[in-house]
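Novice: Structure: final_35.cif, mmCIF, C-alpha atoms.
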```cif
data_model
#
loop_
_atom_site.group_PDB
_atom_site.id
_atom_site.type_symbol
_atom_site.label_atom_id
_atom_site.label_comp_id
_atom_site.auth_asym_id
_atom_site.auth_seq_id
_atom_site.Cartn_x
_atom_site.Cartn_y
_atom_site.Cartn_z
ATOM 1 C CA MET Z 204 104.419 102.813 104.161
ATOM 2 C CA PRO Z 205 102.015 100.801 106.290
ATOM 3 C CA SER Z 206 103.412 98.157 108.586
ATOM 4 C CA PHE Z 207 101.892 94.688 108.584
ATOM 5 C CA GLU Z 208 104.107 93.218 111.310
ATOM 6 C CA ASP Z 209 101.395 92.641 113.885
ATOM 7 C CA ASN Z 210 98.179 90.667 113.716
ATOM 8 C CA ALA Z 211 95.992 93.704 113.029
ATOM 9 C CA GLU Z 212 94.222 93.671 109.696
ATOM 10 C CA PRO Z 213 95.287 96.599 107.511
ATOM 11 C CA SER Z 214 92.623 99.045 106.432
ATOM 12 C CA ALA Z 215 91.493 99.411 102.837
ATOM 13 C CA ALA Z 216 93.397 102.715 102.746
ATOM 14 C CA ASP Z 217 96.587 100.944 103.919
ATOM 15 C CA LEU Z 218 96.195 98.333 101.182
ATOM 16 C CA ASP Z 219 95.551 100.996 98.550
ATOM 17 C CA ALA Z 220 98.634 102.950 99.671
ATOM 18 C CA LEU Z 221 100.834 99.858 99.588
ATOM 19 C CA THR Z 222 99.508 98.787 96.194
ATOM 20 C CA ALA Z 223 100.150 102.256 94.794
ATOM 21 C CA ARG Z 224 103.689 102.254 96.172
ATOM 22 C CA ILE Z 225 104.419 98.828 94.694
ATOM 23 C CA LYS Z 226 103.255 100.020 91.274
ATOM 24 C CA GLU Z 227 105.090 103.353 91.599
ATOM 25 C CA ARG Z 228 108.376 101.613 92.367
ATOM 26 C CA GLY Z 229 108.050 99.067 89.558
ATOM 27 C CA VAL Z 230 108.109 96.063 91.870
ATOM 28 C CA ARG Z 231 107.572 92.853 89.908
ATOM 29 C CA ALA Z 232 107.536 90.377 92.787
ATOM 30 C CA PHE Z 233 108.008 90.242 96.517
ATOM 31 C CA VAL Z 234 108.813 87.639 99.124
ATOM 32 C CA GLU Z 235 106.625 87.669 102.188
ATOM 33 C CA SER Z 236 106.534 85.488 105.261
ATOM 34 C CA SER Z 237 105.493 87.887 108.018
ATOM 35 C CA MET Z 238 101.882 88.402 106.939
ATOM 36 C CA SER Z 239 99.078 86.019 106.196
ATOM 37 C CA PRO Z 240 99.393 84.281 102.819
ATOM 38 C CA LYS Z 241 95.871 85.428 101.940
ATOM 39 C CA LEU Z 242 96.785 89.074 102.553
ATOM 40 C CA ALA Z 243 100.024 88.724 100.563
ATOM 41 C CA ARG Z 244 98.125 87.176 97.638
ATOM 42 C CA THR Z 245 95.527 89.975 97.778
ATOM 43 C CA ILE Z 246 98.217 92.671 97.683
ATOM 44 C CA ALA Z 247 100.027 90.910 94.846
ATOM 45 C CA ARG Z 248 96.816 90.532 92.826
ATOM 46 C CA GLU Z 249 95.846 94.184 93.338
ATOM 47 C CA ALA Z 250 99.345 95.379 92.416
ATOM 48 C CA GLY Z 251 99.685 93.008 89.461
ATOM 49 C CA VAL Z 252 102.832 91.370 90.797
ATOM 50 C CA THR Z 253 103.950 87.942 91.919
ATOM 51 C CA VAL Z 254 104.267 86.969 95.552
ATOM 52 C CA VAL Z 255 106.750 84.291 96.532
ATOM 53 C CA ASP Z 256 105.503 82.773 99.758
ATOM 54 C CA SER Z 257 107.443 80.966 102.428
ATOM 55 C CA GLU Z 258 106.218 77.613 101.083
ATOM 56 C CA SER Z 259 108.179 78.205 97.869
ATOM 57 C CA LEU Z 260 111.490 78.904 99.596
ATOM 58 C CA TYR Z 261 113.809 77.144 101.999
ATOM 59 C CA ALA Z 262 114.263 79.739 104.726
ATOM 60 C CA ASP Z 263 114.263 77.950 108.067
ATOM 61 C CA SER Z 264 115.331 74.482 106.991
ATOM 62 C CA LEU Z 265 116.853 72.475 104.209
ATOM 63 C CA GLY Z 266 114.925 70.246 101.862
ATOM 64 C CA VAL Z 267 114.351 66.561 102.393
ATOM 65 C CA GLU Z 268 116.464 64.043 100.528
ATOM 66 C CA GLY Z 269 115.674 64.164 96.828
ATOM 67 C CA SER Z 270 114.271 67.712 96.928
ATOM 68 C CA GLY Z 271 117.307 69.329 95.339
ATOM 69 C CA ALA Z 272 117.728 71.518 98.416
ATOM 70 C CA GLU Z 273 119.396 69.132 100.848
ATOM 71 C CA THR Z 274 122.422 71.357 101.467
ATOM 72 C CA TYR Z 275 122.764 75.050 102.240
ATOM 73 C CA VAL Z 276 124.218 75.702 98.784
ATOM 74 C CA ASP Z 277 121.448 73.720 97.051
ATOM 75 C CA ALA Z 278 118.744 75.539 99.042
ATOM 76 C CA THR Z 279 120.309 78.909 98.222
ATOM 77 C CA ILE Z 280 120.455 78.030 94.524
ATOM 78 C CA HIS Z 281 116.806 76.949 94.643
ATOM 79 C CA ASN Z 282 115.727 80.155 96.408
ATOM 80 C CA THR Z 283 117.672 82.333 93.992
ATOM 81 C CA ARG Z 284 116.081 80.619 90.999
ATOM 82 C CA VAL Z 285 112.566 80.988 92.431
ATOM 83 C CA ILE Z 286 113.065 84.695 93.122
ATOM 84 C CA LEU Z 287 114.666 85.419 89.729
ATOM 85 C CA GLU Z 288 111.847 83.610 87.936
ATOM 86 C CA ALA Z 289 109.262 85.605 89.922
ATOM 87 C CA TRP Z 290 111.028 88.801 88.796
ATOM 88 C CA GLY Z 291 110.830 87.595 85.205
ATOM 89 C CA GLU Z 292 114.584 87.361 84.912
ATOM 90 C CA PRO Z 293 116.286 84.614 82.921
ATOM 91 C CA VAL Z 294 118.034 81.974 84.982
ATOM 92 C CA GLY Z 295 121.285 80.989 83.375
ATOM 93 C CA PRO Z 296 123.497 78.024 84.048
ATOM 94 C CA LEU Z 297 125.366 77.815 87.318
ATOM 95 C CA PRO Z 298 129.039 78.726 87.440
ATOM 96 C CA ALA Z 299 131.166 75.610 87.035
ATOM 97 C CA GLU Z 300 132.313 75.700 90.664
ATOM 98 C CA LEU Z 301 128.669 75.460 91.801
ATOM 99 C CA GLY Z 302 127.559 72.950 89.169
ATOM 100 C CA ALA Z 303 128.505 70.004 91.357
ATOM 101 C CA ALA Z 304 126.369 71.360 94.191
ATOM 102 C CA ALA Z 305 123.094 71.365 92.229
#
```
Please express what this file holds, its structure, as structure tokens.

Specialist:
Amino acid sequence: MPSFEDNAEPSAADLDALTARIKERGVRAFVESSMSPKLARTIAREAGVTVVDSESLYADSLGVEGSGAETYVDATIHNTRVILEAWGEPVGPLPAELGAAA
């Protein structure tokens, strides 16, 4: 599988190979923060999947007051919901012990 960890632009062949692999494996969505958002969106569009970008998730910080992601638990719940929804999975109610956190 091609690596997109550096700043080099992948070739068309690299993109085709990655797109084929995504389709072959049945990937429905992916989270990407190490490549340019434009490249991630291009790959997602070509593969027919959803990309969850770093702007949709709380990875390096918590949310501001009122965001619903002010605590570690709240941010984790938010991130889990975003990823499940991108996969097309139903998001059920939180377990009672976490209900007070959200």

Novice: Would you mind reading off the distance between CA of Glu212 in chain Z and CA of Trp290 in chain Z, one decimal, in Å?

Specialist: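 Separation of CA of Glu212 in chain Z and CA of Trp290 in chain Z: 27.3 Å.
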
Novice: Can you work out the spacing between CA of Arg284 in chain Z and CA of Leu260 in chain Z in Å, to one decimal?

Specialist: 9.9 Å

Novice: Go through Z:Ile225, Z:Val255, Z:Leu218, Z:Leu301 and flag the residue nearest Leu287 in chain Z, using all atoms listed in the file for the distances.

Specialist: Z:Val255

Novice: Once you count all atoms listed in the file, which residues end up no further than 9 Å from (116.1, 74.6, 106.3) in the file's frame, shown as a list of chain:residue names?

Specialist: Z:Tyr261, Z:Ala262, Z:Asp263, Z:Ser264, Z:Leu265, Z:Gly266, Z:Ala272, Z:Glu273, Z:Thr274, Z:Tyr275, Z:Ala278

Novice: So that I can see what lies close to range 241-245 of chain Z, please list as a ChimeraX atom specification the residues with an atom at most 10 Å from it, counting all atoms listed in the file and leaving out residues fewer than 6 positions away in the same chain.

Specialist: /Z:207,212-213,218,222,233-235,251-256

Novice: Interatomic distance between CA of Gly291 in chain Z and CA of Ala220 in chain Z?

Specialist: 24.4 Å

Novice: Would you please work out which residue, of Z:Val294, Z:Ala289, Z:Ala247, Z:Ala216, is nearest to Ser259 in chain Z when using only C-alpha atoms?

Specialist: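 Of Z:Val294, Z:Ala289, Z:Ala247, Z:Ala216, the one nearest Ser259 in chain Z is Z:Ala289, counting only C-alpha atoms.
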
Novice: Let me make sure I understand: among Z:Ser214, Z:Ser257, Z:Glu249, Z:Ile280, which one has the smallest atom-to-atom distance to Ser236 in chain Z if we use only C-alpha atoms?

Specialist: Z:Ser257
